[in-house]
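> File target-v4.cif follows (mmCIF, C-alpha atoms and all ligand atoms):
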data_entry
loop_
_atom_site.group_PDB
_atom_site.id
_atom_site.type_symbol
_atom_site.label_atom_id
_atom_site.label_comp_id
_atom_site.auth_asym_id
_atom_site.auth_seq_id
_atom_site.Cartn_x
_atom_site.Cartn_y
_atom_site.Cartn_z
ATOM 1 C CA MET A 577 -19.891 7.552 -20.233
ATOM 2 C CA GLY A 578 -16.157 8.088 -20.557
ATOM 3 C CA GLN A 579 -13.739 5.833 -22.325
ATOM 4 C CA PRO A 580 -12.281 2.837 -20.458
ATOM 5 C CA LYS A 581 -8.603 3.170 -19.571
ATOM 6 C CA SER A 582 -6.015 0.405 -19.471
ATOM 7 C CA ALA A 583 -2.568 -0.077 -18.033
ATOM 8 C CA VAL A 584 -0.209 -2.897 -18.897
ATOM 9 C CA ILE A 585 1.603 -4.269 -15.852
ATOM 10 C CA ARG A 586 5.217 -5.233 -16.467
ATOM 11 C CA SER A 587 7.164 -3.616 -13.631
ATOM 12 C CA ASP A 588 6.671 -2.166 -10.172
ATOM 13 C CA LEU A 589 6.351 1.285 -11.768
ATOM 14 C CA ASP A 590 3.270 0.079 -13.641
ATOM 15 C CA ILE A 591 1.639 -0.694 -10.270
ATOM 16 C CA VAL A 592 1.860 3.030 -9.454
ATOM 17 C CA ILE A 593 0.525 3.926 -12.918
ATOM 18 C CA ALA A 594 -2.450 1.553 -12.556
ATOM 19 C CA ARG A 595 -3.472 2.753 -9.107
ATOM 20 C CA THR A 596 -3.092 6.417 -10.130
ATOM 21 C CA MET A 597 -5.264 5.765 -13.187
ATOM 22 C CA ALA A 598 -7.952 4.166 -10.996
ATOM 23 C CA ARG A 599 -7.819 6.985 -8.457
ATOM 24 C CA ASP A 600 -8.088 9.644 -11.183
ATOM 25 C CA MET A 601 -11.164 7.986 -12.653
ATOM 26 C CA ALA A 602 -12.717 7.517 -9.186
ATOM 27 C CA ARG A 603 -12.169 11.199 -8.458
ATOM 28 C CA ALA A 604 -13.666 12.221 -11.825
ATOM 29 C CA LEU A 605 -16.723 10.065 -11.063
ATOM 30 C CA GLY A 606 -17.258 11.903 -7.795
ATOM 31 C CA PHE A 607 -16.145 9.247 -5.285
ATOM 32 C CA SER A 608 -15.211 10.519 -1.803
ATOM 33 C CA ALA A 609 -11.585 10.774 -0.713
ATOM 34 C CA ILE A 610 -12.020 7.629 1.380
ATOM 35 C CA ASP A 611 -13.513 5.659 -1.515
ATOM 36 C CA GLN A 612 -10.725 6.912 -3.790
ATOM 37 C CA ALA A 613 -8.191 5.517 -1.301
ATOM 38 C CA ARG A 614 -10.093 2.203 -1.085
ATOM 39 C CA ILE A 615 -10.215 1.856 -4.869
ATOM 40 C CA ALA A 616 -6.580 2.849 -5.412
ATOM 41 C CA THR A 617 -5.430 0.464 -2.658
ATOM 42 C CA ALA A 618 -7.393 -2.480 -4.069
ATOM 43 C CA VAL A 619 -5.906 -1.819 -7.512
ATOM 44 C CA SER A 620 -2.424 -1.548 -6.039
ATOM 45 C CA GLU A 621 -2.834 -4.999 -4.446
ATOM 46 C CA LEU A 622 -4.139 -6.693 -7.588
ATOM 47 C CA ALA A 623 -1.654 -5.005 -9.915
ATOM 48 C CA ARG A 624 1.160 -6.152 -7.650
ATOM 49 C CA ASN A 625 -0.204 -9.687 -7.746
ATOM 50 C CA ILE A 626 -0.097 -9.581 -11.554
ATOM 51 C CA TYR A 627 3.492 -8.343 -11.428
ATOM 52 C CA LEU A 628 4.584 -10.891 -8.800
ATOM 53 C CA TYR A 629 2.721 -14.018 -9.850
ATOM 54 C CA ALA A 630 1.957 -13.641 -13.565
ATOM 55 C CA GLY A 631 4.773 -11.327 -14.646
ATOM 56 C CA THR A 632 2.521 -9.383 -16.951
ATOM 57 C CA GLY A 633 -1.150 -8.553 -17.419
ATOM 58 C CA THR A 634 -3.561 -5.643 -17.673
ATOM 59 C CA VAL A 635 -5.700 -3.444 -15.452
ATOM 60 C CA THR A 636 -8.700 -1.756 -17.084
ATOM 61 C CA VAL A 637 -10.960 0.799 -15.382
ATOM 62 C CA ARG A 638 -14.314 2.010 -16.631
ATOM 63 C CA GLU A 639 -17.453 3.763 -15.547
ATOM 64 C CA VAL A 640 -20.522 1.553 -15.041
ATOM 65 C CA GLU A 641 -24.160 2.162 -14.258
ATOM 66 C CA LYS A 642 -26.814 -0.014 -12.638
ATOM 67 C CA LEU A 643 -30.376 1.097 -11.891
ATOM 68 C CA GLY A 644 -29.341 4.709 -12.263
ATOM 69 C CA ARG A 645 -26.435 4.279 -9.876
ATOM 70 C CA LYS A 646 -22.938 5.188 -11.028
ATOM 71 C CA GLY A 647 -19.926 3.142 -10.257
ATOM 72 C CA ILE A 648 -16.422 2.167 -11.249
ATOM 73 C CA GLU A 649 -15.409 -1.242 -12.568
ATOM 74 C CA ILE A 650 -11.878 -2.575 -12.557
ATOM 75 C CA VAL A 651 -10.809 -5.672 -14.471
ATOM 76 C CA CYS A 652 -7.431 -7.224 -13.660
ATOM 77 C CA GLU A 653 -6.426 -9.921 -16.105
ATOM 78 C CA ASP A 654 -3.388 -12.063 -16.680
ATOM 79 C CA GLN A 655 -2.320 -15.174 -18.548
ATOM 80 C CA GLY A 656 -0.158 -16.326 -15.675
ATOM 81 C CA PRO A 657 -0.077 -19.643 -13.797
ATOM 82 C CA GLY A 658 -3.617 -19.355 -12.410
ATOM 83 C CA ILE A 659 -4.803 -20.117 -8.878
ATOM 84 C CA PRO A 660 -5.470 -23.765 -7.973
ATOM 85 C CA ASP A 661 -7.546 -23.141 -4.820
ATOM 86 C CA ILE A 662 -9.467 -19.874 -4.714
ATOM 87 C CA ASP A 663 -10.962 -20.427 -1.229
ATOM 88 C CA LEU A 664 -7.446 -20.796 0.114
ATOM 89 C CA VAL A 665 -6.022 -17.606 -1.416
ATOM 90 C CA MET A 666 -9.060 -15.613 -0.220
ATOM 91 C CA GLN A 667 -8.121 -16.355 3.406
ATOM 92 C CA ASP A 668 -6.438 -13.586 5.402
ATOM 93 C CA GLY A 669 -2.731 -14.239 5.690
ATOM 94 C CA TYR A 670 -2.391 -16.937 3.031
ATOM 95 C CA THR A 671 0.657 -16.295 0.855
ATOM 96 C CA THR A 672 3.018 -18.273 -1.332
ATOM 97 C CA SER A 673 5.563 -15.450 -1.498
ATOM 98 C CA ARG A 674 6.168 -14.396 2.115
ATOM 99 C CA GLY A 675 3.842 -11.495 1.510
ATOM 100 C CA MET A 676 1.232 -10.450 4.051
ATOM 101 C CA GLY A 677 -1.462 -12.511 2.377
ATOM 102 C CA MET A 678 -3.885 -9.591 2.640
ATOM 103 C CA GLY A 679 -4.069 -8.472 -0.997
ATOM 104 C CA LEU A 680 -7.007 -10.563 -2.266
ATOM 105 C CA PRO A 681 -9.104 -10.666 0.937
ATOM 106 C CA GLY A 682 -8.305 -6.992 1.579
ATOM 107 C CA ALA A 683 -9.307 -5.930 -1.944
ATOM 108 C CA ARG A 684 -12.599 -7.784 -1.480
ATOM 109 C CA ARG A 685 -13.301 -5.890 1.765
ATOM 110 C CA LEU A 686 -12.418 -2.543 0.214
ATOM 111 C CA MET A 687 -14.779 -2.926 -2.766
ATOM 112 C CA ASP A 688 -18.531 -3.577 -3.112
ATOM 113 C CA ASP A 689 -18.356 -6.369 -5.719
ATOM 114 C CA PHE A 690 -15.519 -8.828 -6.154
ATOM 115 C CA SER A 691 -15.417 -11.798 -8.484
ATOM 116 C CA ILE A 692 -12.535 -14.006 -9.389
ATOM 117 C CA GLN A 693 -12.126 -16.549 -12.151
ATOM 118 C CA SER A 694 -8.941 -18.513 -12.497
ATOM 119 C CA GLN A 695 -7.741 -21.577 -14.288
ATOM 120 C CA VAL A 696 -4.399 -23.258 -13.736
ATOM 121 C CA GLY A 697 -2.168 -22.777 -16.762
ATOM 122 C CA VAL A 698 -4.569 -20.293 -18.349
ATOM 123 C CA GLY A 699 -4.693 -17.238 -16.138
ATOM 124 C CA THR A 700 -6.683 -15.161 -13.708
ATOM 125 C CA LYS A 701 -9.390 -12.544 -14.110
ATOM 126 C CA ILE A 702 -10.659 -10.453 -11.224
ATOM 127 C CA VAL A 703 -13.510 -7.961 -11.548
ATOM 128 C CA LEU A 704 -14.050 -5.297 -8.879
ATOM 129 C CA ARG A 705 -16.831 -2.742 -8.612
ATOM 130 C CA LYS A 706 -17.594 0.085 -6.275
ATOM 131 C CA TRP A 707 -20.866 2.037 -6.354
ATOM 132 C CA ARG A 708 -21.137 5.710 -5.583
ATOM 133 C CA SER A 709 -23.161 6.479 -2.504
ATOM 134 C CA MET B 1431 14.796 2.716 -13.716
ATOM 135 C CA GLU B 1432 16.691 4.238 -10.827
ATOM 136 C CA SER B 1433 14.788 4.603 -7.595
ATOM 137 C CA LEU B 1434 14.126 8.004 -6.072
ATOM 138 C CA ARG B 1435 16.038 8.584 -2.857
ATOM 139 C CA ILE B 1436 14.022 9.865 0.079
ATOM 140 C CA PRO B 1437 16.053 12.411 2.090
ATOM 141 C CA ILE B 1438 16.677 11.577 5.754
ATOM 142 C CA LEU B 1439 17.398 14.535 8.075
ATOM 143 C CA LYS B 1440 19.104 14.385 11.439
ATOM 144 C CA ILE B 1441 18.106 16.666 14.289
ATOM 145 C CA GLY B 1442 19.907 15.908 17.552
ATOM 146 C CA ASP B 1443 19.610 12.158 18.017
ATOM 147 C CA ILE B 1444 16.435 11.894 15.969
ATOM 148 C CA LEU B 1445 16.118 11.123 12.272
ATOM 149 C CA ILE B 1446 13.251 12.538 10.242
ATOM 150 C CA ALA B 1447 12.150 11.347 6.824
ATOM 151 C CA SER B 1448 9.143 12.603 4.957
ATOM 152 C CA ILE B 1449 7.800 10.390 2.203
ATOM 153 C CA GLN B 1450 6.799 12.747 -0.585
ATOM 154 C CA VAL B 1451 6.800 10.601 -3.685
ATOM 155 C CA ASN B 1452 4.235 8.233 -5.096
ATOM 156 C CA LEU B 1453 6.321 5.382 -3.853
ATOM 157 C CA HIS B 1454 7.026 2.397 -6.053
ATOM 158 C CA ASP B 1455 8.334 -0.838 -4.623
ATOM 159 C CA ALA B 1456 12.018 -0.381 -5.466
ATOM 160 C CA SER B 1457 12.271 3.084 -3.938
ATOM 161 C CA ALA B 1458 10.404 1.896 -0.844
ATOM 162 C CA VAL B 1459 12.938 -0.887 -0.333
ATOM 163 C CA GLN B 1460 15.771 1.547 -0.998
ATOM 164 C CA PHE B 1461 14.335 3.813 1.699
ATOM 165 C CA LYS B 1462 14.289 0.988 4.236
ATOM 166 C CA ASP B 1463 17.926 0.157 3.540
ATOM 167 C CA ASP B 1464 19.017 3.820 3.633
ATOM 168 C CA LEU B 1465 17.179 4.448 6.881
ATOM 169 C CA LEU B 1466 18.567 1.404 8.690
ATOM 170 C CA GLU B 1467 22.092 2.314 7.590
ATOM 171 C CA LYS B 1468 21.626 5.867 8.782
ATOM 172 C CA ILE B 1469 20.290 4.661 12.156
ATOM 173 C CA HIS B 1470 23.408 2.577 12.506
ATOM 174 C CA ALA B 1471 25.794 5.339 11.402
ATOM 175 C CA THR B 1472 24.259 8.053 13.599
ATOM 176 C CA ARG B 1473 23.122 5.902 16.540
ATOM 177 C CA ALA B 1474 19.836 7.756 16.384
ATOM 178 C CA LYS B 1475 17.566 6.991 19.333
ATOM 179 C CA GLY B 1476 14.419 7.789 17.453
ATOM 180 C CA VAL B 1477 13.039 7.995 13.935
ATOM 181 C CA ILE B 1478 10.022 9.854 12.610
ATOM 182 C CA ILE B 1479 8.571 8.771 9.290
ATOM 183 C CA ASP B 1480 6.093 11.382 8.151
ATOM 184 C CA LEU B 1481 3.425 10.093 5.766
ATOM 185 C CA THR B 1482 1.378 13.295 5.385
ATOM 186 C CA ALA B 1483 1.928 13.330 1.625
ATOM 187 C CA LEU B 1484 1.140 9.652 1.102
ATOM 188 C CA ASP B 1485 -2.318 9.028 -0.363
ATOM 189 C CA LEU B 1486 -2.289 5.256 0.082
ATOM 190 C CA VAL B 1487 -0.639 2.525 2.130
ATOM 191 C CA ASP B 1488 -1.081 -0.916 0.604
ATOM 192 C CA SER B 1489 0.065 -4.212 2.120
ATOM 193 C CA PHE B 1490 3.523 -3.839 0.594
ATOM 194 C CA ILE B 1491 4.193 -0.426 2.121
ATOM 195 C CA GLY B 1492 2.418 -1.436 5.340
ATOM 196 C CA ARG B 1493 4.679 -4.461 5.637
ATOM 197 C CA LEU B 1494 7.727 -2.297 4.970
ATOM 198 C CA ILE B 1495 6.782 0.147 7.730
ATOM 199 C CA ALA B 1496 6.249 -2.719 10.183
ATOM 200 C CA ASP B 1497 9.621 -4.206 9.176
ATOM 201 C CA ILE B 1498 11.411 -0.876 9.597
ATOM 202 C CA ALA B 1499 9.905 -0.458 13.074
ATOM 203 C CA ALA B 1500 10.928 -3.990 14.097
ATOM 204 C CA MET B 1501 14.455 -3.722 12.686
ATOM 205 C CA ALA B 1502 15.058 -0.234 14.106
ATOM 206 C CA GLY B 1503 13.825 -1.566 17.460
ATOM 207 C CA LEU B 1504 16.479 -4.276 17.372
ATOM 208 C CA MET B 1505 19.038 -1.533 16.836
ATOM 209 C CA GLY B 1506 17.791 0.399 19.861
ATOM 210 C CA SER B 1507 15.885 3.032 17.946
ATOM 211 C CA ARG B 1508 12.161 3.804 18.172
ATOM 212 C CA VAL B 1509 10.085 4.598 15.116
ATOM 213 C CA VAL B 1510 7.061 6.884 15.131
ATOM 214 C CA ILE B 1511 4.805 7.239 12.078
ATOM 215 C CA THR B 1512 3.148 10.631 11.710
ATOM 216 C CA GLY B 1513 0.608 12.351 9.490
ATOM 217 C CA LEU B 1514 -1.458 9.386 8.324
ATOM 218 C CA GLN B 1515 -4.441 10.848 6.419
ATOM 219 C CA PRO B 1516 -7.896 9.714 7.632
ATOM 220 C CA ALA B 1517 -8.641 7.987 4.307
ATOM 221 C CA VAL B 1518 -5.339 6.120 4.516
ATOM 222 C CA ALA B 1519 -5.904 5.039 8.126
ATOM 223 C CA ILE B 1520 -9.419 3.763 7.316
ATOM 224 C CA THR B 1521 -8.190 1.880 4.252
ATOM 225 C CA LEU B 1522 -5.334 0.278 6.177
ATOM 226 C CA VAL B 1523 -7.685 -1.155 8.785
ATOM 227 C CA GLU B 1524 -10.202 -2.374 6.181
ATOM 228 C CA LEU B 1525 -7.401 -3.977 4.228
ATOM 229 C CA GLY B 1526 -6.603 -5.888 7.416
ATOM 230 C CA LEU B 1527 -3.366 -4.202 8.427
ATOM 231 C CA GLU B 1528 -3.520 -2.522 11.785
ATOM 232 C CA LEU B 1529 0.228 -2.279 12.401
ATOM 233 C CA PRO B 1530 -0.281 -2.925 16.117
ATOM 234 C CA ARG B 1531 3.367 -2.579 17.023
ATOM 235 C CA VAL B 1532 3.982 0.675 15.204
ATOM 236 C CA ILE B 1533 3.720 3.884 17.231
ATOM 237 C CA THR B 1534 1.779 6.646 15.502
ATOM 238 C CA ALA B 1535 1.226 10.329 16.203
ATOM 239 C CA LEU B 1536 -1.041 12.902 14.601
ATOM 240 C CA ASN B 1537 1.686 15.153 13.230
ATOM 241 C CA LEU B 1538 5.420 15.811 13.255
ATOM 242 C CA GLU B 1539 5.279 17.989 16.346
ATOM 243 C CA LYS B 1540 3.380 15.386 18.367
ATOM 244 C CA GLY B 1541 5.689 12.700 16.989
ATOM 245 C CA LEU B 1542 8.705 14.570 18.287
ATOM 246 C CA SER B 1543 7.253 14.877 21.778
ATOM 247 C CA VAL B 1544 6.302 11.176 21.806
ATOM 248 C CA LEU B 1545 9.886 10.274 20.906
ATOM 249 C CA GLN B 1546 11.373 12.657 23.455
ATOM 250 C CA GLY B 1547 9.163 11.063 26.081
ATOM 251 C CA ILE B 1548 10.302 7.570 25.136
ATOM 252 C CA THR B 1549 14.010 8.347 24.943
ATOM 253 C CA ALA B 1550 13.926 10.205 28.282
ATOM 254 C CA GLU B 1551 12.058 7.298 29.913
ATOM 255 C CA SER B 1552 14.571 4.730 28.715
ATOM 256 C CA GLY B 1553 17.088 6.390 31.029
ATOM 257 C CA ASP B 1554 19.527 7.684 28.428
ATOM 258 C CA GLY B 1555 21.790 10.338 29.794
ATOM 259 C CA ALA B 1556 21.160 9.259 33.381
ATOM 260 C CA ALA B 1557 24.170 9.553 35.660
HETATM 261 N N1 LIG C 1601 -2.768 -13.123 -10.430
HETATM 262 C C1 LIG C 1601 -2.375 -14.211 -9.739
HETATM 263 N N2 LIG C 1601 -1.909 -15.330 -10.372
HETATM 264 C C2 LIG C 1601 -1.525 -16.406 -9.675
HETATM 265 N N3 LIG C 1601 -1.548 -16.498 -8.317
HETATM 266 C C3 LIG C 1601 -1.987 -15.438 -7.623
HETATM 267 C C4 LIG C 1601 -2.430 -14.246 -8.288
HETATM 268 N N4 LIG C 1601 -2.831 -13.363 -7.341
HETATM 269 C C5 LIG C 1601 -2.650 -13.967 -6.156
HETATM 270 N N5 LIG C 1601 -2.149 -15.217 -6.313
HETATM 271 C C6 LIG C 1601 -1.867 -16.187 -5.232
HETATM 272 O O1 LIG C 1601 -2.660 -15.849 -4.103
HETATM 273 C C7 LIG C 1601 -1.842 -15.673 -2.940
HETATM 274 C C8 LIG C 1601 -2.449 -14.626 -2.038
HETATM 275 O O2 LIG C 1601 -2.406 -13.347 -2.666
HETATM 276 P P1 LIG C 1601 -2.556 -12.038 -1.763
HETATM 277 O O3 LIG C 1601 -3.780 -12.151 -0.941
HETATM 278 O O4 LIG C 1601 -2.416 -10.849 -2.656
HETATM 279 O O5 LIG C 1601 -1.314 -12.120 -0.759
HETATM 280 P P2 LIG C 1601 0.273 -12.019 -1.069
HETATM 281 O O6 LIG C 1601 0.441 -11.361 -2.416
HETATM 282 O O7 LIG C 1601 0.800 -11.197 0.045
HETATM 283 O O8 LIG C 1601 0.800 -13.416 -1.056
HETATM 284 C C9 LIG C 1601 -0.479 -15.320 -3.493
HETATM 285 O O9 LIG C 1601 0.554 -15.617 -2.582
HETATM 286 C C10 LIG C 1601 -0.428 -16.172 -4.760
HETATM 287 O O10 LIG C 1601 -0.064 -17.494 -4.468
HETATM 288 MG MG MG C 1602 -0.650 -9.704 -3.051
#
Rewrite the coordinates I just gave you, this time as structure tokens.
Ligand SMILES: Nc1ncnc2c1ncn2[C@@H]1O[C@H](COP(=O)(O)OP(=O)(O)O)[C@@H](O)[C@H]1O
Ligand SMILES: [Mg+2]


Amino acid sequence: MGQPKSAVIRSDLDIVIARTMARDMARALGFSAIDQARIATAVSELARNIYLYAGTGTVTVREVEKLGRKGIEIVCEDQGPGIPDIDLVMQDGYTTSRGMGMGLPGARRLMDDFSIQSQVGVGTKIVLRKWRS
Amino acid sequence: MESLRIPILKIGDILIASIQVNLHDASAVQFKDDLLEKIHATRAKGVIIDLTALDLVDSFIGRLIADIAAMAGLMGSRVVITGLQPAVAITLVELGLELPRVITALNLEKGLSVLQGITAESGDGAA
């Protein structure tokens, strides 16, 4: 399996770098054009959240395998303010920044696996996976 | 870093912009401002934003497109989005953004005829 790749998010340019990195790995792993767009869009949403709400953090992409099935895993991590109510932020349209409130629920719909851990004052970690069909 | 400017062409009373870059947030916002100013300066009746070269529309860009359409509408100009790739259209809907108030057409040519239909219908140039 290939090496994991990481991008540090500090500016809006890093959002483009992170989503391009995820798309490139998805393409190399043989994901369809539609899945590449799903993966890159989910990463774009979560990288922007890091930039907007935590200021800085990292996005790491790697190849994973389960029961002989290949997939891609994306870990988005920050030491920002954390999320007090996860059920609330997972609702369509909920935003604290006059955004569209579709980033977290949308990323969950676009991917196969989505898990979120967050602690106020400590930070947020979101793990996404998509399996190749 | 300075944002990349997206060129905006004028043909008759229609503006055409083709988004060719891997857009980051600052250049997307710059594009919105440039386009609205150009609509005002030229009194364009219609705008085509061609997205053929765009490989992704996330909620930020989706929101921007919806805002441009709404703001241009207030200025009397209609916006048509063209060239959305199938993967991008599918992703947009799954993300939860359907952009219901944005007019879309398959390609530039169809976009132009949609706009010509709209501007003729609105009675411009009538005696
Ligand atoms: N990494 C994060 N750290 C802290 N809060 C976050 C983070 N990501 C998302 N949030 C919170 O969750 C809300 C919903 O996020 P999202 O669904 O992406 O919509 P939007 O970014 O448009 O507000 C945000 O408004 C913000 O309050
Ligand atoms: Mg967001």

> Ranking B:His1470, B:Lys1540, B:Arg1531, B:Arg1493 by minimum distance to ligand LIG 1601 (chain C) and counting only C-alpha atoms and all ligand atoms, which one comes first?

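The shortest atom-to-atom distance to ligand LIG 1601 (chain C) comes from B:Arg1493.
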
> Between A:Arg674, A:Arg599, A:Arg685, A:Arg586, which residue has the minimum interatomic distance to Glu649 in chain A, considering all atoms listed in the file?

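For Glu649 in chain A, the nearest of the candidates is A:Arg599.
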
> For a quick test of understanding: name the residues of chain A lying within 6 Å of chain B when counting all atoms listed in the file, and present them as an mmCIF file with C-alpha atoms, keeping the file's coordinate frame.


data_model
loop_
_atom_site.group_PDB
_atom_site.id
_atom_site.type_symbol
_atom_site.label_atom_id
_atom_site.label_comp_id
_atom_site.auth_asym_id
_atom_site.auth_seq_id
_atom_site.Cartn_x
_atom_site.Cartn_y
_atom_site.Cartn_z
ATOM 1 C CA ASP A 588 6.671 -2.166 -10.172
ATOM 2 C CA LEU A 589 6.351 1.285 -11.768
ATOM 3 C CA ILE A 610 -12.020 7.629 1.380
ATOM 4 C CA ARG A 614 -10.093 2.203 -1.085
ATOM 5 C CA THR A 617 -5.430 0.464 -2.658
ATOM 6 C CA GLY A 682 -8.305 -6.992 1.579
#

> Applied to the shown file, which residues does the PyMOL selection byres (((not hetatm)) within 12 of (chain C and resi 1602)) return, written as a PyMOL selection string?

(chain A and resi 591+617-630+665-683) or (chain B and resi 1488-1491+1493+1525)

> Give me, please, the distance in Å between CA of Lys1440 in chain B and CA of Glu1528 in chain B, quoted to one decimal.

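So the answer is 28.2 Å.
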
> For the provided coordinates, the residues matched by the PyMOL selection byres (((chain B and resi 1460) around 12) and not hetatm) should be stated as a list of chain:residue names.

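Expected selection for the PyMOL selection byres (((chain B and resi 1460) around 12) and not hetatm) here is B:Glu1432, B:Ser1433, B:Leu1434, B:Arg1435, B:Ile1436, B:Pro1437, B:Leu1453, B:His1454, B:Asp1455, B:Ala1456, B:Ser1457, B:Ala1458, B:Val1459, B:Phe1461, B:Lys1462, B:Asp1463, B:Asp1464, B:Leu1465, B:Leu1466, B:Glu1467, B:Leu1494, B:Ile1498.
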
> Can you work out the spacing between CA of Pro660 in chain A and CA of Gln695 in chain A in Å, to one decimal?

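Spanning CA of Pro660 in chain A to CA of Gln695 in chain A is a straight-line distance of 7.1 Å.
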
> If I only have part of range 1523-1535 of chain B, can you fill in N, CA and C atoms and write it as a short mmCIF file (atom, residue, chain, number, x, y, z; two decimals), keeping the file's coordinate frame?


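Just written: selection23.cif:
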data_model
loop_
_atom_site.label_atom_id
_atom_site.label_comp_id
_atom_site.auth_asym_id
_atom_site.auth_seq_id
_atom_site.Cartn_x
_atom_site.Cartn_y
_atom_site.Cartn_z
N VAL B 1523 -6.97 -0.26 7.87
CA VAL B 1523 -7.68 -1.16 8.78
C VAL B 1523 -8.60 -2.08 7.99
N GLU B 1524 -9.30 -1.53 6.99
CA GLU B 1524 -10.20 -2.37 6.18
C GLU B 1524 -9.43 -3.42 5.39
N LEU B 1525 -8.26 -3.03 4.95
CA LEU B 1525 -7.40 -3.98 4.23
C LEU B 1525 -7.01 -5.13 5.15
N GLY B 1526 -6.94 -4.85 6.45
CA GLY B 1526 -6.60 -5.89 7.42
C GLY B 1526 -5.25 -5.69 8.05
N LEU B 1527 -4.67 -4.51 7.83
CA LEU B 1527 -3.37 -4.20 8.43
C LEU B 1527 -3.56 -3.16 9.50
N GLU B 1528 -3.33 -3.53 10.75
CA GLU B 1528 -3.52 -2.52 11.78
C GLU B 1528 -2.20 -2.06 12.36
N LEU B 1529 -1.11 -2.67 11.94
CA LEU B 1529 0.23 -2.28 12.40
C LEU B 1529 0.26 -2.07 13.91
N PRO B 1530 -0.11 -3.11 14.68
CA PRO B 1530 -0.28 -2.92 16.12
C PRO B 1530 1.00 -2.52 16.83
N ARG B 1531 2.14 -2.87 16.27
CA ARG B 1531 3.37 -2.58 17.02
C ARG B 1531 4.06 -1.30 16.57
N VAL B 1532 3.40 -0.58 15.68
CA VAL B 1532 3.98 0.68 15.20
C VAL B 1532 3.36 1.84 15.97
N ILE B 1533 4.21 2.71 16.50
CA ILE B 1533 3.72 3.88 17.23
C ILE B 1533 3.34 4.96 16.22
N THR B 1534 2.18 5.59 16.42
CA THR B 1534 1.78 6.65 15.50
C THR B 1534 1.46 7.92 16.29
N ALA B 1535 1.60 9.05 15.62
CA ALA B 1535 1.23 10.33 16.20
C ALA B 1535 0.58 11.16 15.11
#
